[in-house]
Structure formats: structure tokens, C-alpha cells
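Asks: This one is run_6.cif, mmCIF, C-alpha atoms.
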data_input
#
loop_
_atom_site.label_atom_id
_atom_site.label_comp_id
_atom_site.auth_asym_id
_atom_site.auth_seq_id
_atom_site.Cartn_x
_atom_site.Cartn_y
_atom_site.Cartn_z
CA MET A 1 173.66 -30.12 5.54
CA GLU A 2 170.58 -27.96 5.82
CA ARG A 3 169.04 -28.04 9.29
CA THR A 4 165.39 -28.93 9.61
CA TRP A 5 163.01 -27.14 11.91
CA ASN A 6 159.74 -28.25 13.40
CA ASN A 7 158.12 -25.25 14.97
CA LYS A 8 155.28 -27.36 16.36
CA ALA A 9 157.77 -28.49 19.01
CA TRP A 10 157.30 -25.06 20.63
CA PHE A 11 153.82 -26.16 21.72
CA MET A 12 155.52 -28.77 23.93
CA VAL A 13 156.83 -26.00 26.21
CA LEU A 14 153.42 -24.33 26.47
CA PRO A 15 152.37 -26.16 29.69
CA VAL A 16 155.53 -25.08 31.51
CA LEU A 17 155.13 -21.54 30.22
CA LEU A 18 151.61 -21.42 31.61
CA LEU A 19 152.78 -22.85 34.92
CA VAL A 20 155.58 -20.28 35.21
CA ALA A 21 153.17 -17.52 34.21
CA PHE A 22 150.76 -18.35 37.00
CA SER A 23 153.36 -19.11 39.65
CA ALA A 24 155.92 -16.39 38.90
CA VAL A 25 155.15 -13.89 36.15
CA ILE A 26 151.66 -12.82 37.24
CA PRO A 27 152.65 -12.41 40.93
CA LEU A 28 155.77 -10.49 39.85
CA MET A 29 153.70 -8.18 37.66
CA THR A 30 151.30 -7.60 40.55
CA VAL A 31 154.20 -6.71 42.85
CA VAL A 32 155.53 -4.23 40.27
CA ASN A 33 152.05 -2.67 40.07
CA TYR A 34 151.83 -2.40 43.86
CA SER A 35 155.33 -0.90 44.11
CA VAL A 36 154.32 2.31 42.33
CA GLN A 37 150.98 2.77 44.05
CA ASP A 38 149.53 3.28 47.51
CA THR A 39 146.50 1.59 48.96
CA PHE A 40 144.35 1.90 52.06
CA GLY A 41 142.63 -1.42 51.40
CA ASN A 42 139.48 -2.42 49.49
CA ASN A 43 141.51 -2.68 46.26
CA GLN A 44 141.62 1.09 45.87
CA PHE A 45 145.01 2.21 44.54
CA PHE A 46 146.57 5.66 44.16
CA TRP A 47 149.60 6.51 42.08
CA ALA A 48 152.79 7.02 44.11
CA GLY A 49 155.42 6.82 41.37
CA THR A 50 158.91 5.94 42.53
CA ASP A 51 158.38 7.28 46.08
CA TRP A 52 158.48 3.84 47.71
CA PHE A 53 161.74 2.94 46.00
CA VAL A 54 163.33 6.21 47.13
CA GLU A 55 162.03 5.60 50.66
CA ILE A 56 163.41 2.05 50.79
CA LEU A 57 166.76 3.02 49.28
CA HIS A 58 167.18 5.74 51.90
CA SER A 59 166.09 3.61 54.85
CA ASP A 60 168.69 2.35 57.32
CA ARG A 61 166.34 -0.49 58.19
CA PHE A 62 166.65 -1.91 54.67
CA TRP A 63 170.44 -1.63 54.43
CA GLU A 64 170.95 -3.13 57.90
CA ALA A 65 168.71 -6.10 57.05
CA LEU A 66 170.53 -6.53 53.72
CA GLY A 67 173.88 -6.49 55.55
CA ARG A 68 172.65 -9.17 57.96
CA ASN A 69 171.45 -11.27 55.02
CA LEU A 70 174.79 -11.04 53.22
CA LEU A 71 176.71 -11.83 56.40
CA PHE A 72 174.48 -14.81 57.17
CA SER A 73 174.81 -16.22 53.64
CA ALA A 74 178.60 -15.72 53.65
CA ILE A 75 178.96 -17.55 56.98
CA ILE A 76 176.59 -20.34 55.94
CA LEU A 77 178.35 -20.93 52.62
CA SER A 78 181.82 -20.82 54.14
CA ILE A 79 180.83 -23.54 56.61
CA GLU A 80 178.40 -25.75 54.70
CA ILE A 81 180.30 -26.12 51.42
CA PRO A 82 183.69 -27.26 52.90
CA LEU A 83 181.96 -29.34 55.58
CA GLY A 84 179.70 -30.97 53.00
CA ILE A 85 182.70 -31.85 50.81
CA LEU A 86 184.59 -33.23 53.82
CA ILE A 87 181.71 -35.45 54.93
CA ALA A 88 181.06 -36.67 51.36
CA LEU A 89 184.74 -37.58 50.95
CA ASN A 90 184.62 -39.67 54.11
CA MET A 91 181.35 -41.45 53.41
CA PRO A 92 181.59 -45.17 52.50
CA LYS A 93 181.42 -45.94 48.78
CA LYS A 94 180.15 -49.52 49.14
CA GLY A 95 178.62 -51.89 51.65
CA LEU A 96 175.91 -51.47 54.29
CA GLY A 97 177.34 -48.12 55.36
CA VAL A 98 176.12 -46.47 52.12
CA PRO A 99 172.34 -46.72 52.67
CA VAL A 100 172.75 -46.02 56.41
CA CYS A 101 174.73 -42.83 55.74
CA LEU A 102 172.42 -41.71 52.94
CA VAL A 103 169.31 -42.12 55.10
CA LEU A 104 170.98 -40.33 58.03
CA MET A 105 172.02 -37.51 55.73
CA ALA A 106 168.55 -37.21 54.19
CA LEU A 107 166.74 -37.05 57.55
CA PRO A 108 167.25 -33.32 58.33
CA LEU A 109 166.12 -32.45 54.81
CA LEU A 110 162.78 -34.16 55.39
CA ILE A 111 161.86 -31.96 58.33
CA PRO A 112 159.72 -28.92 57.51
CA TRP A 113 161.29 -25.51 58.15
CA ASN A 114 158.89 -24.46 60.89
CA VAL A 115 159.45 -27.76 62.71
CA VAL A 116 163.22 -27.24 62.50
CA GLY A 117 162.73 -23.80 64.02
CA THR A 118 160.58 -25.19 66.81
CA ILE A 119 163.06 -28.00 67.52
CA TRP A 120 165.93 -25.53 67.88
CA GLN A 121 163.86 -23.05 69.82
CA VAL A 122 163.20 -25.69 72.46
CA PHE A 123 166.69 -27.24 72.12
CA GLY A 124 168.34 -23.91 72.88
CA ARG A 125 166.24 -22.96 75.88
CA VAL A 126 168.28 -22.77 79.08
CA ASP A 127 165.48 -24.12 81.29
CA ILE A 128 164.28 -27.19 79.37
CA GLY A 129 166.40 -27.42 76.20
CA LEU A 130 169.24 -29.94 76.03
CA LEU A 131 171.66 -27.54 74.32
CA GLY A 132 170.87 -24.49 76.42
CA PHE A 133 170.78 -26.40 79.68
CA THR A 134 174.05 -28.23 78.95
CA LEU A 135 175.87 -25.03 77.97
CA LYS A 136 174.58 -23.34 81.12
CA ALA A 137 175.70 -26.30 83.22
CA LEU A 138 179.16 -26.10 81.64
CA GLY A 139 179.41 -22.49 82.74
CA PHE A 140 178.66 -20.70 79.45
CA ASP A 141 176.46 -17.65 79.68
CA TYR A 142 174.28 -18.82 76.79
CA ASN A 143 170.92 -17.21 76.10
CA TYR A 144 169.77 -16.79 72.51
CA VAL A 145 166.79 -14.69 73.58
CA ASN A 146 168.87 -11.84 75.02
CA ASP A 147 172.32 -12.17 73.50
CA VAL A 148 172.98 -11.19 69.86
CA PHE A 149 176.01 -13.47 69.47
CA ASP A 150 174.15 -16.45 70.93
CA ALA A 151 171.15 -15.80 68.68
CA TRP A 152 173.39 -15.74 65.59
CA MET A 153 175.30 -18.84 66.71
CA THR A 154 172.04 -20.73 67.23
CA LEU A 155 170.74 -19.77 63.78
CA ILE A 156 174.03 -20.66 62.09
CA VAL A 157 174.35 -24.04 63.83
CA MET A 158 170.69 -24.76 63.06
CA ASP A 159 171.14 -23.97 59.38
CA VAL A 160 174.34 -26.00 59.19
CA TRP A 161 172.54 -28.94 60.83
CA HIS A 162 169.58 -28.61 58.49
CA TRP A 163 171.24 -28.02 55.15
CA THR A 164 174.80 -29.41 55.13
CA SER A 165 173.24 -32.76 54.20
CA LEU A 166 172.11 -31.30 50.88
CA VAL A 167 175.69 -30.35 50.03
CA VAL A 168 176.88 -33.79 51.21
CA LEU A 169 174.37 -35.67 49.05
CA LEU A 170 175.16 -33.59 45.97
CA CYS A 171 178.92 -33.96 46.46
CA TYR A 172 178.53 -37.68 47.13
CA ALA A 173 176.60 -38.06 43.86
CA GLY A 174 179.49 -36.31 42.09
CA LEU A 175 182.09 -38.47 43.81
CA VAL A 176 180.50 -41.85 43.06
CA SER A 177 180.25 -40.94 39.38
CA ILE A 178 184.07 -40.78 39.08
CA PRO A 179 185.32 -43.92 37.26
CA GLU A 180 187.71 -46.15 39.21
CA ALA A 181 190.29 -45.80 36.40
CA TYR A 182 191.03 -42.21 37.51
CA TYR A 183 192.03 -43.39 40.99
CA GLN A 184 194.09 -46.26 39.56
CA ALA A 185 195.97 -43.85 37.31
CA ALA A 186 196.58 -41.52 40.26
CA LYS A 187 197.87 -44.44 42.33
CA ILE A 188 200.30 -45.46 39.57
CA ASP A 189 201.57 -41.88 39.43
CA GLY A 190 202.00 -41.89 43.20
CA ALA A 191 199.61 -39.01 43.70
CA SER A 192 199.07 -37.77 47.25
CA ARG A 193 195.62 -37.66 48.88
CA TRP A 194 195.55 -33.88 48.32
CA ALA A 195 196.55 -34.26 44.65
CA VAL A 196 193.75 -36.80 44.10
CA PHE A 197 191.28 -34.36 45.65
CA ARG A 198 192.61 -31.31 43.84
CA TYR A 199 192.98 -32.79 40.36
CA ILE A 200 190.37 -35.57 40.22
CA GLN A 201 187.63 -35.23 42.80
CA LEU A 202 187.20 -31.46 42.93
CA PRO A 203 186.99 -30.97 39.13
CA LYS A 204 184.50 -33.84 38.90
CA MET A 205 182.40 -32.31 41.68
CA LYS A 206 182.41 -28.85 40.13
CA ARG A 207 178.99 -29.07 38.51
CA VAL A 208 177.23 -30.44 41.58
CA LEU A 209 179.07 -27.93 43.75
CA LEU A 210 177.75 -25.15 41.53
CA ILE A 211 174.21 -26.41 42.12
CA ALA A 212 174.86 -26.78 45.86
CA PHE A 213 176.40 -23.31 46.07
CA LEU A 214 173.53 -21.65 44.20
CA LEU A 215 170.82 -23.52 46.10
CA ARG A 216 172.38 -22.77 49.46
CA PHE A 217 173.03 -19.13 48.58
CA MET A 218 169.49 -18.48 47.36
CA ASP A 219 167.94 -20.39 50.23
CA SER A 220 170.06 -18.75 52.94
CA PHE A 221 169.54 -15.31 51.39
CA MET A 222 165.78 -15.84 51.45
CA ILE A 223 165.69 -17.47 54.88
CA TYR A 224 162.54 -16.68 56.82
CA THR A 225 160.82 -19.46 58.75
CA GLU A 226 163.61 -20.75 61.00
CA PRO A 227 164.82 -17.37 62.38
CA PHE A 228 161.22 -16.20 62.64
CA VAL A 229 160.33 -19.22 64.80
CA VAL A 230 163.54 -19.27 66.87
CA THR A 231 164.26 -15.59 67.50
CA GLY A 232 161.38 -13.69 65.87
CA GLY A 233 164.01 -11.33 64.45
CA GLY A 234 165.49 -10.45 67.84
CA PRO A 235 167.09 -9.64 70.18
CA GLY A 236 166.19 -6.14 68.99
CA ASN A 237 166.55 -6.35 65.22
CA SER A 238 169.77 -8.37 65.30
CA THR A 239 168.35 -11.36 63.36
CA THR A 240 165.78 -9.44 61.32
CA PHE A 241 166.62 -10.51 57.80
CA LEU A 242 165.11 -8.92 54.70
CA SER A 243 162.39 -11.55 54.45
CA ILE A 244 161.30 -11.04 58.07
CA ASP A 245 161.34 -7.28 57.61
CA LEU A 246 159.35 -7.66 54.40
CA VAL A 247 156.62 -9.72 56.08
CA LYS A 248 156.47 -7.24 58.98
CA MET A 249 156.04 -4.41 56.48
CA ALA A 250 153.57 -6.12 54.15
CA ILE A 251 151.39 -8.05 56.58
CA GLY A 252 152.11 -6.49 59.97
CA GLN A 253 151.91 -2.85 58.88
CA PHE A 254 149.94 -3.45 55.63
CA ASP A 255 152.36 -1.12 53.79
CA LEU A 256 151.92 -2.89 50.46
CA GLY A 257 153.64 -0.21 48.37
CA PRO A 258 156.95 -0.03 50.30
CA ALA A 259 156.89 -3.82 50.79
CA ALA A 260 156.46 -4.36 47.04
CA ALA A 261 159.33 -1.93 46.30
CA MET A 262 161.49 -3.77 48.83
CA SER A 263 160.53 -7.14 47.26
CA ILE A 264 161.64 -5.96 43.84
CA ILE A 265 165.00 -4.68 45.14
CA TYR A 266 165.43 -7.94 47.09
CA PHE A 267 164.58 -9.97 43.97
CA LEU A 268 167.03 -7.99 41.82
CA ILE A 269 169.85 -8.50 44.33
CA ILE A 270 169.24 -12.27 44.40
CA LEU A 271 169.04 -12.36 40.60
CA LEU A 272 172.28 -10.40 40.22
CA LEU A 273 174.27 -12.42 42.77
CA SER A 274 172.97 -15.76 41.43
CA TRP A 275 173.83 -14.73 37.89
CA ILE A 276 177.35 -13.66 38.93
CA PHE A 277 177.96 -16.95 40.82
CA TYR A 278 176.55 -18.99 37.95
CA THR A 279 178.54 -17.15 35.29
CA VAL A 280 181.82 -17.21 37.21
CA MET A 281 181.51 -20.89 38.04
CA THR A 282 180.35 -22.06 34.60
CA SER A 283 182.90 -19.97 32.70
CA SER A 284 185.73 -21.27 34.88
CA ASP A 285 184.33 -24.75 34.23
CA GLU A 286 184.52 -24.17 30.47
CA GLN A 287 188.10 -22.91 30.71
CA ALA A 288 189.19 -25.97 32.77
CA MET B 289 156.36 -35.37 8.93
CA ALA B 290 155.68 -31.72 9.59
CA ALA B 291 159.31 -30.71 9.41
CA THR B 292 160.00 -27.75 7.20
CA THR B 293 163.19 -26.06 6.19
CA ASN B 294 163.88 -22.78 7.91
CA ASN B 295 162.81 -19.94 5.70
CA ASN B 296 164.21 -16.85 7.40
CA SER B 297 163.58 -14.52 4.50
CA ARG B 298 160.13 -13.77 5.92
CA TRP B 299 161.49 -12.07 9.03
CA PRO B 300 160.33 -8.55 7.98
CA LEU B 301 156.76 -9.86 8.11
CA ALA B 302 157.31 -11.17 11.64
CA LEU B 303 158.90 -7.85 12.66
CA LEU B 304 155.98 -5.93 11.23
CA ALA B 305 153.52 -8.18 13.08
CA VAL B 306 155.29 -7.61 16.40
CA LEU B 307 155.44 -3.83 15.93
CA LEU B 308 151.81 -3.76 14.83
CA ILE B 309 150.70 -5.69 17.91
CA TYR B 310 152.75 -3.34 20.11
CA ALA B 311 151.16 -0.27 18.50
CA LEU B 312 147.65 -1.73 18.74
CA ALA B 313 148.12 -2.75 22.40
CA THR B 314 149.49 0.72 23.23
CA GLY B 315 146.54 2.32 21.50
CA MET B 316 144.08 0.13 23.38
CA LEU B 317 145.75 0.99 26.68
CA VAL B 318 145.59 4.71 25.91
CA LEU B 319 141.91 4.43 24.97
CA SER B 320 141.13 2.53 28.16
CA LEU B 321 142.49 5.36 30.33
CA PRO B 322 139.83 7.24 32.28
CA VAL B 323 139.21 10.86 31.34
CA LYS B 324 139.53 13.45 34.10
CA ASP B 325 139.00 17.21 33.73
CA GLY B 326 138.91 16.91 29.96
CA GLY B 327 142.22 15.06 29.68
CA ARG B 328 143.42 11.50 30.11
CA ASP B 329 144.45 10.54 33.63
CA TRP B 330 147.72 8.72 32.85
CA PHE B 331 148.20 7.45 36.39
CA ALA B 332 144.70 6.29 37.25
CA PRO B 333 144.00 2.55 37.75
CA LEU B 334 143.24 0.88 34.42
CA VAL B 335 140.80 -1.53 36.06
CA PRO B 336 139.30 0.19 39.13
CA GLY B 337 139.06 -2.33 41.97
CA GLY B 338 141.08 -4.94 40.03
CA TRP B 339 143.33 -7.04 42.26
CA MET B 340 146.38 -6.73 40.01
CA ALA B 341 146.17 -2.93 40.29
CA TRP B 342 147.17 -2.23 36.69
CA SER B 343 148.20 1.29 35.79
CA PHE B 344 149.17 2.69 32.39
CA PRO B 345 152.91 3.11 33.13
CA THR B 346 153.31 -0.42 34.51
CA ALA B 347 151.25 -1.90 31.66
CA MET B 348 153.49 -0.08 29.16
CA PHE B 349 156.57 -1.31 31.02
CA PHE B 350 155.52 -4.97 30.73
CA LEU B 351 154.24 -4.53 27.19
CA SER B 352 157.66 -3.14 26.22
CA ILE B 353 159.46 -6.03 27.93
CA PHE B 354 157.30 -8.61 26.13
CA THR B 355 157.81 -6.74 22.86
CA LEU B 356 161.57 -6.81 23.42
CA LEU B 357 161.38 -10.59 23.90
CA ALA B 358 159.27 -10.91 20.75
CA LEU B 359 161.80 -8.77 18.83
CA MET B 360 164.58 -11.04 20.06
CA ALA B 361 162.57 -14.01 18.74
CA VAL B 362 162.27 -12.26 15.35
CA TRP B 363 166.03 -11.60 15.37
CA GLU B 364 166.64 -15.27 16.11
CA TYR B 365 164.25 -16.21 13.29
CA ALA B 366 166.16 -13.94 10.92
CA ARG B 367 169.64 -14.96 12.10
CA PRO B 368 169.42 -18.32 13.90
CA GLY B 369 172.12 -19.45 16.32
CA GLY B 370 172.06 -16.66 18.90
CA HIS B 371 175.38 -15.19 17.64
CA PRO B 372 177.58 -16.44 20.50
CA ARG B 373 180.84 -14.56 21.06
CA VAL B 374 183.40 -13.72 23.74
CA GLY B 375 183.40 -10.01 24.54
CA ILE B 376 185.03 -7.74 27.10
CA LEU B 377 183.67 -9.75 30.01
CA ARG B 378 185.78 -12.70 28.75
CA PHE B 379 182.97 -15.24 28.70
CA GLU B 380 180.72 -16.40 25.93
CA THR B 381 177.40 -14.62 25.55
CA THR B 382 174.53 -15.05 23.14
CA ARG B 383 172.06 -12.35 22.13
CA GLY B 384 169.71 -13.56 24.88
CA ASP B 385 172.49 -13.25 27.47
CA ARG B 386 173.24 -9.75 26.28
CA LEU B 387 169.58 -8.77 26.61
CA PHE B 388 169.52 -10.22 30.13
CA ILE B 389 172.68 -8.29 31.09
CA SER B 390 171.18 -5.13 29.59
CA LEU B 391 167.88 -5.46 31.46
CA LEU B 392 169.47 -6.44 34.77
CA GLY B 393 172.04 -3.65 34.53
CA SER B 394 169.30 -1.18 33.59
CA ALA B 395 167.34 -2.13 36.69
CA PHE B 396 170.37 -1.33 38.86
CA ILE B 397 171.10 1.90 36.95
CA ASN B 398 167.55 3.02 37.75
CA LEU B 399 167.86 1.99 41.40
CA ALA B 400 171.20 3.79 41.73
CA TRP B 401 169.67 6.88 40.13
CA LEU B 402 166.73 6.79 42.54
CA GLY B 403 169.04 6.37 45.51
CA LEU B 404 171.71 8.89 44.52
CA VAL B 405 170.10 11.46 42.24
CA GLY B 406 166.33 11.68 42.51
CA PRO B 407 162.94 10.40 41.42
CA ASN B 408 163.06 11.69 37.81
CA LEU B 409 164.15 8.69 35.76
CA TRP B 410 164.27 10.04 32.20
CA TRP B 411 168.04 10.60 32.27
CA ALA B 412 168.46 7.20 33.88
CA LEU B 413 166.45 5.71 31.00
CA ALA B 414 168.74 7.44 28.50
CA LEU B 415 171.74 6.06 30.37
CA CYS B 416 170.17 2.58 30.20
CA VAL B 417 169.81 2.85 26.42
CA VAL B 418 173.49 3.83 26.10
CA TYR B 419 174.44 0.98 28.44
CA ALA B 420 172.34 -1.54 26.46
CA ILE B 421 173.93 -0.43 23.19
CA GLY B 422 177.34 -0.85 24.83
CA VAL B 423 176.43 -4.34 26.05
CA PHE B 424 175.16 -5.45 22.64
CA ARG B 425 178.23 -3.97 20.96
CA TYR B 426 181.06 -5.03 23.28
CA VAL B 427 179.95 -7.82 25.67
#
Can the structure from this file be put into C-alpha cells for me?
Replies:
Amino acid sequence: MERTWNNKAWFMVLPVLLLVAFSAVIPLMTVVNYSVQDTFGNNQFFWAGTDWFVEILHSDRFWEALGRNLLFSAIILSIEIPLGILIALNMPKKGLGVPVCLVLMALPLLIPWNVVGTIWQVFGRVDIGLLGFTLKALGFDYNYVNDVFDAWMTLIVMDVWHWTSLVVLLCYAGLVSIPEAYYQAAKIDGASRWAVFRYIQLPKMKRVLLIAFLLRFMDSFMIYTEPFVVTGGGPGNSTTFLSIDLVKMAIGQFDLGPAAAMSIIYFLIILLLSWIFYTVMTSSDEQA
Amino acid sequence: MAATTNNNSRWPLALLAVLLIYALATGMLVLSLPVKDGGRDWFAPLVPGGWMAWSFPTAMFFLSIFTLLALMAVWEYARPGGHPRVGILRFETTRGDRLFISLLGSAFINLAWLGLVGPNLWWALALCVVYAIGVFRYV
């Protein structure tokens, strides 16, 4: 049968194209323009070529911040994804417990990032914060302001508290969509709890897990507000992630050229890693 | 109903239109360059004081990217379906995927060149063309 085409349908995507143009394409083009020029303000620009890229690629500051970002994302993903699955598996599937659990899980997601940072900044203080004071009273030498390990632990626990719920809710949505017949068949076959998880629940959660994984990776790799509020990038530069460094460079030092070059490299790394994750997870999904 | 059958025999016209627009836009950009010491200043701001800080090389870069996308649209018009296939990466790719892989890989080739070799990117550009041909042929 000959396929029919209605090219007027393309006009239906025009609004979203305009929206993306104004929210993403035009700012991206501006950043590319800035990345090859220098400015001293007043919208006066001078050609710099690829100098800023060379400078960024040869700066230890950039590579150290990138390393911290990758480490942070790896830790966050290795905790939040398994923990989210575990909590979702143990959430009630019917009864009053369902809305109670869902509301409890959604609560951290409703809190703005800067408020989360402020909460944990106060929570971790050894003089007035419940966490800091309790740890001190128990004999732990906890101080996220001076100690690198404590600062990292605080940021990791804060992120896990804030965002595991997202993974839980996505996994839960995947779990409740599994028809009861699958479980009945597994029961007849005498499948173990692990076998049910491995061969029924996990494959059915794959798509939502992909979304959770990508969202959490991109978000943790771009993290800014919470560490900025809690540690301000310290002690020293130990929690200075790329985003914090970028803001320092662009707004603090008004080095728009190097900051734009760094933004583009940062953007390309996120694009590459997200594409790899997406491709690996969707192609393994197609093979399954 | 406004539905029409797909007539892809007119693709040379579409290709010509895209190339013509590209040539015209390039010409306009060249003409808009300021003249300095009797010659065109290729690196001067195209719009002095403009907040987007356009320059000729960046304008040409984006114009080429948009032209590439338009050429892909013409290719799709001529041969609909995206030509999906499984190549050496062992997953299915369409023409659009292959363009994305080419552009993303080219960006990293250029960055690697800047970091390891130097600021002159002409050889890196040549390498990108070879890489893109490889991607379109084998991926």
C-alpha cells in the first residue's frame, strides 16, 4: 500500500521548535560565540580563537573538578539506584499504606534545592544542628566545614535523601504495572524471590530505570545549588564541582571566554555520557 | 483532506534550494564583514555591540550545521525511512543517528587535537571528515 503524507503536520511541531530555540539553541549559540572571543565588558568583543579551549584543557583546575563530578555521580548512582529499587520493592501495593508512602516519598522532591542545602547546612552544624551535634555527642570528630571526608559524606547523604524518592517513585510505577498473572505463573513454577525479581520485576522496570538513571546522572553531574549552599565548594576546593567552578569563573571573575569554553566542554561530556548510557540501555532492552 | 502521496522525485530541486540558500547566506555574511586596512576583517564582530557577539567563523559554523540538517532532510525526502541498519557498533542506527555520532565524535576529535597537538584545527577538521565518512559507511 502506498503511504500517504501530510506535510502540514510539520507545522504542529513549530511551537516546540520555537520554544527550544529560545530556551536552548540561542543561548548555546551565544556561548559558542563567547568561547572564541574575549571581552572587557560593555559588549565589546575581541577575537581569541581557540585560546580559551586550550587554556581550559591544560588547566588542572578543570580536570580536578571534572574528576570530582564523575566521582560524585558514580557514588550517587551506585547508592540511589539500588536503594530506590529496594524501597520500591518493599512498598505496599494496596491499602492505606500506598498513598501514605507515596506522599512521604514525594515530600523531599517538593523542596527547592537551595532550601535543601540550607536544611542540611544547619542540620550538619556541630553547635546547633541535630546531625552534627548528635555525631559529636557520640564521639565522632565530625565537621563538614573543615574535613574533606565529612563534607563529601554530608553532600552524598543529602543527595541520597533528596533524590532517592525519584528513583523509588519511578520504580514503583514500573512495578505496579506488572500484571498479576506474571506472579501467579512464577508461583506455580516455584520461583524464588530472587528469580521473581531477576526475571519478572527487573525486566519490567528496565525502561523506568533507564529514565531514573539518566535523570539522576545528568542532575548529579550538573549539581550546583546544594553543595554551593552547604560547603561553598570547600574545604579548599574539595567539593568544587564543575558547575561551581564555572559560576566562579563566569560571574565571580567575569572571565566570559574561558567560562564559555568550559561550558561547551562540560556540555559535550554530559551529552556523550548520556548518549552512551541511553544507547547501551536501550540496545540491551531491544536484545532482551 | 490535504494528504498527498509522497513525490520524492523532486529532491534535486530541494537540494538545489538548500545549497542556494547556503551560498546566499555565506555571501551575505562575507559582505557584512567590516573592511580594515583595505581587506576584510574576518574575525571582527559582525554586529558591533550585539549581545550575541556574532563573528564570521561562528556564524559559518552554525550555518554549516543548519545546512547539514537541511541536507539530511533532503536525503530523507529523497529516500524516506532513515535507512536503519546494524553496523560495527552492533546497534541499530538511522541516518540521523549516524550524523549525531559524526558531529559528537568530531567535537571530541577537535578537543583532543586542541589538548594534545595545538590550536591549528585544519588537520583535525580533515580527520573529522574521514571519521564522518567512516561512521556513515560502517556504523
Asks: Might you pull out every residue within 10 Å of segment 107-110 of chain A, with only C-alpha atoms counted and same-chain residues fewer than 3 positions away left off, and present them as a list in words?
Replies: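 Final neighbour list, sorted by chain and number: Leu102, Val103, Leu104, Trp113, Val116, Trp161, His162, Trp163, Thr164, Ser165 and Leu166 of chain A.
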Asks: Choose the residue, out of A:Phe72, A:Phe213, A:Tyr183, A:Trp194, that has the smallest atom-to-atom separation from Trp152 of chain A; count only C-alpha atoms.
Replies: A:Phe72
Asks: Pick out the residues sitting within 10 Å of Tyr224 of chain A, and hand them over as a ChimeraX atom specification; count all atoms listed in the file, and ignore anything fewer than 3 positions along from it in its own chain.
Replies: /A:113-114,219-221,227-229,232-233,240-247
Asks: Atom CA of Ile85 of chain A and atom CA of Ser177 of chain A are how many Å apart?
Replies: 14.8 Å
Asks: Could you work out which residues of chain B fall inside 10 Å of chain A? Count only C-alpha atoms, and format the result as a ChimeraX atom specification.
Replies: /B:289-295,330-333,336-347,349-350,378-380,388-389,392-393,395-396,399-409
Asks: Taking 2 positions as the minimum chain separation for residues in the same chain, which residues sit within 8 Å of segment 118-125 of chain A when counting only C-alpha atoms? Answer as a ChimeraX atom specification.
Replies: /A:114-116,127-133,143-144,154,158,226,229-231
Asks: Rounded to one decimal, what separation in Å do you get between atom CA of Ser297 of chain B and atom CA of Ile421 of chain B?
Replies: 25.6 Å
Asks: Run the PyMOL selection byres ((chain B and resi 299) around 8) against the file shown and list the residues it catches, as a PDB file with C-alpha atoms, keeping the file's coordinate frame.
Replies:
ATOM      1  CA  ASN B 296     164.210 -16.850   7.400  1.00  0.00           C
ATOM      2  CA  SER B 297     163.580 -14.520   4.500  1.00  0.00           C
ATOM      3  CA  ARG B 298     160.130 -13.770   5.920  1.00  0.00           C
ATOM      4  CA  PRO B 300     160.330  -8.550   7.980  1.00  0.00           C
ATOM      5  CA  LEU B 301     156.760  -9.860   8.110  1.00  0.00           C
ATOM      6  CA  ALA B 302     157.310 -11.170  11.640  1.00  0.00           C
ATOM      7  CA  LEU B 303     158.900  -7.850  12.660  1.00  0.00           C
ATOM      8  CA  VAL B 362     162.270 -12.260  15.350  1.00  0.00           C
ATOM      9  CA  TRP B 363     166.030 -11.600  15.370  1.00  0.00           C
ATOM     10  CA  TYR B 365     164.250 -16.210  13.290  1.00  0.00           C
ATOM     11  CA  ALA B 366     166.160 -13.940  10.920  1.00  0.00           C
TER      12      ALA B 366
END
Asks: With distances taken over only C-alpha atoms, which residue among A:Ala261, A:Val157, A:Val167, A:Val208 lies nearest Pro82 of chain A?
Replies: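 Once distances to Pro82 of chain A are computed over only C-alpha atoms, the minimum belongs to A:Val167.
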Asks: Apply the PyMOL selection byres ((chain B and resi 310-316) around 8) to the structure shown and report the selected residues as a ChimeraX atom specification.
Replies: /B:306-309,317-320,348,351-352,355
Asks: Find the distance between atom CA of Asp147 of chain A and atom CA of Pro235 of chain A and write it in Å to one decimal.
Replies: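 It comes out at 6.7 Å.
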Asks: Got a sec to resolve the PyMOL selection byres ((chain B and resi 424) around 12) on this structure and send the residues as a ChimeraX atom specification?
Replies: /B:371-376,381-391,417-423,425-427
